[in-house]
Amino acid sequence: LISVCGNVTPERARKVVERTFGDWKAQPLPERKRLVPERLSHSGVAVEEGMTTIAHVLIGFPGPPAANKEEFAAFQVLNSILSRGMSGRLIESLRNELGLAYDISCFHSALEQASHLVIHVQCELSQIDAVKKAVVEQINRLMQEEVGEEELEIAKRYLLGQYLVSLQRGRQQAHNLAWYEILGLGAGFQTEYPALIKTVTAPDLQRISQKYLQKMVISLRLPEETPI
């Protein structure tokens, strides 16, 4: 799959592609094996020791496949509610209010069959239990309470602003078009995405939280020879 964006005509792009790849011989492709993600039946914890001086706490949740566009959009907004730049619920709670973390991030990876939401917190070893407790409190809050209208609009505006900024770069546009094709959404999803984000409601976020955030996997990366 080749995606081209920039100050170039379709004909010019086609000629360059043909000149570069035109003499390639067609080869049979190996059968694509689709791995069906295992359903997360219960929460769990995994611990790994490595070259680090602080604790890395990663808390992961299952997410919807990208083909479910409405849930995909809701998960994007959910991610923005939890963490966006130097703001979001996790930043406000874990760092600004409780002083538990050095760094906090949250990311949602869109995949074809099933995605995931991961919260990454860097903290002192002595704060691990407090960090886990604080994150769970914020997740429970999403499941139990609807997000306020003002907070929801701020999260949406941040998402859309970041998206528009990314489209200023031809490389990112080309990446988006190719990635949406691979996910089965089609290249036209690039223009569809903003409208989907705008339609996400507070009840959508509560419903999606209750559906996907009930169970989690916690991964701890600790300094070597740390007593567990």
# chains A, B, ... in the order shown; residues from 1 in each chain; ligands from 1

$ select_by_dssp --residues "segment 37-201 of chain A" --states "strand (DSSP E or B)" --output "ChimeraX atom specification"
/A:44-50,55-63,84,87,103-109,115-123

$ closest_atom_pairs --of "segment 88-149 of chain A" --to "segment 47-66 of chain A" --cutoff "8 Å" --atoms "only C-alpha atoms" --output "JSON lines"
{"residue": "A:Ala110", "atom": "CA", "partner": "A:Ala66", "partner_atom": "CA", "distance": 5.6}
{"residue": "A:Leu111", "atom": "CA", "partner": "A:Ala66", "partner_atom": "CA", "distance": 5.7}
{"residue": "A:Glu112", "atom": "CA", "partner": "A:Pro65", "partner_atom": "CA", "distance": 5.4}
{"residue": "A:Gln113", "atom": "CA", "partner": "A:Pro65", "partner_atom": "CA", "distance": 4.7}
{"residue": "A:Ala114", "atom": "CA", "partner": "A:Pro65", "partner_atom": "CA", "distance": 4.1}
{"residue": "A:Ser115", "atom": "CA", "partner": "A:Gly63", "partner_atom": "CA", "distance": 4.5}
{"residue": "A:His116", "atom": "CA", "partner": "A:Pro62", "partner_atom": "CA", "distance": 4.5}
{"residue": "A:Leu117", "atom": "CA", "partner": "A:Phe61", "partner_atom": "CA", "distance": 5.2}
{"residue": "A:Val118", "atom": "CA", "partner": "A:Gly60", "partner_atom": "CA", "distance": 4.3}
{"residue": "A:Ile119", "atom": "CA", "partner": "A:Ile59", "partner_atom": "CA", "distance": 5.1}
{"residue": "A:His120", "atom": "CA", "partner": "A:Leu58", "partner_atom": "CA", "distance": 4.5}
{"residue": "A:Val121", "atom": "CA", "partner": "A:Val57", "partner_atom": "CA", "distance": 5.1}
{"residue": "A:Gln122", "atom": "CA", "partner": "A:His56", "partner_atom": "CA", "distance": 4.7}
{"residue": "A:Cys123", "atom": "CA", "partner": "A:Ala55", "partner_atom": "CA", "distance": 5.3}
{"residue": "A:Glu124", "atom": "CA", "partner": "A:Ile54", "partner_atom": "CA", "distance": 5.5}
{"residue": "A:Leu125", "atom": "CA", "partner": "A:Ala55", "partner_atom": "CA", "distance": 5.5}
{"residue": "A:Ile128", "atom": "CA", "partner": "A:Val57", "partner_atom": "CA", "distance": 7.3}

$ write_last_selection --atoms "C-alpha atoms" --output "PDB file, in the first residue's frame"
ATOM      1  CA  ALA A 110      -6.682   1.725  17.202  1.00  0.00           C
ATOM      2  CA  LEU A 111      -6.393  -1.761  15.725  1.00  0.00           C
ATOM      3  CA  GLU A 112      -8.406  -3.802  13.268  1.00  0.00           C
ATOM      4  CA  GLN A 113      -9.819  -6.459  15.577  1.00  0.00           C
ATOM      5  CA  ALA A 114      -9.486  -5.098  19.092  1.00  0.00           C
ATOM      6  CA  SER A 115      -7.697  -2.114  20.540  1.00  0.00           C
ATOM      7  CA  HIS A 116      -6.449  -1.165  23.974  1.00  0.00           C
ATOM      8  CA  LEU A 117      -6.167   1.785  26.304  1.00  0.00           C
ATOM      9  CA  VAL A 118      -2.982   2.033  28.361  1.00  0.00           C
ATOM     10  CA  ILE A 119      -2.211   4.329  31.272  1.00  0.00           C
ATOM     11  CA  HIS A 120       1.521   4.777  31.979  1.00  0.00           C
ATOM     12  CA  VAL A 121       2.675   6.273  35.264  1.00  0.00           C
ATOM     13  CA  GLN A 122       6.278   6.837  36.377  1.00  0.00           C
ATOM     14  CA  CYS A 123       6.623   7.032  40.140  1.00  0.00           C
ATOM     15  CA  GLU A 124       8.693   6.115  43.190  1.00  0.00           C
ATOM     16  CA  LEU A 125       8.542   2.490  44.338  1.00  0.00           C
ATOM     17  CA  ILE A 128       2.980   2.111  43.463  1.00  0.00           C
TER      18      ILE A 128
END

$ atom_distance --atom1 "atom CA of Val135 of chain A" --atom2 "atom CA of Ser93 of chain A"
8.7 Å

$ closest_residue --among "A:His42, A:Lys198, A:His108, A:Lys133" --to "Lys215 of chain A" --atoms "only C-alpha atoms"
A:His42

$ closest_residue --among "A:Gln127, A:Asn79, A:Ser87, A:Gln144" --to "Ala101 of chain A" --atoms "only C-alpha atoms"
A:Gln127

$ atom_distance --atom1 "atom CA of Ala67 of chain A" --atom2 "atom CA of Glu192 of chain A"
13.0 Å

$ atom_distance --atom1 "atom CA of Arg84 of chain A" --atom2 "atom CA of Leu152 of chain A"
12.3 Å

$ residues_around --residues "segment 7-12 of chain A" --least-positions-apart "4" --cutoff "12 Å" --atoms "only C-alpha atoms" --output "ChimeraX atom specification"
/A:3,16-19,169-171

$ write_last_selection --atoms "C-alpha atoms" --output "tab-separated table (two decimals), in the first residue's frame"
chain	number	residue	atom	x	y	z
A	3	SER	CA	0.06	6.62	0.11
A	16	VAL	CA	7.23	7.81	-9.86
A	17	VAL	CA	5.65	4.73	-8.33
A	18	GLU	CA	5.73	2.87	-11.64
A	19	ARG	CA	9.36	3.83	-12.23
A	169	ARG	CA	2.27	17.71	7.71
A	170	GLY	CA	2.11	15.77	4.46
A	171	ARG	CA	3.81	12.78	6.04

$ residues_around --residues "Leu78 of chain A" --least-positions-apart "2" --cutoff "9 Å" --atoms "only C-alpha atoms" --output "mmCIF file with C-alpha atoms, in the first residue's frame"
data_model
loop_
_atom_site.group_PDB
_atom_site.id
_atom_site.type_symbol
_atom_site.label_atom_id
_atom_site.label_comp_id
_atom_site.auth_asym_id
_atom_site.auth_seq_id
_atom_site.Cartn_x
_atom_site.Cartn_y
_atom_site.Cartn_z
ATOM 1 C CA ALA A 73 -14.573 7.815 18.537
ATOM 2 C CA ALA A 74 -15.877 7.490 22.095
ATOM 3 C CA PHE A 75 -12.627 5.818 23.170
ATOM 4 C CA GLN A 76 -10.644 8.658 21.624
ATOM 5 C CA SER A 80 -8.633 12.833 26.087
ATOM 6 C CA ILE A 81 -10.697 13.050 29.288
ATOM 7 C CA LEU A 82 -8.077 11.037 31.164
ATOM 8 C CA SER A 83 -4.947 12.673 29.741
ATOM 9 C CA LEU A 142 -15.979 7.277 34.560
ATOM 10 C CA ALA A 155 -11.688 17.143 25.611
ATOM 11 C CA LEU A 205 -18.579 7.735 27.528
ATOM 12 C CA ILE A 208 -18.217 2.622 26.820
ATOM 13 C CA SER A 209 -16.459 2.779 30.200
#
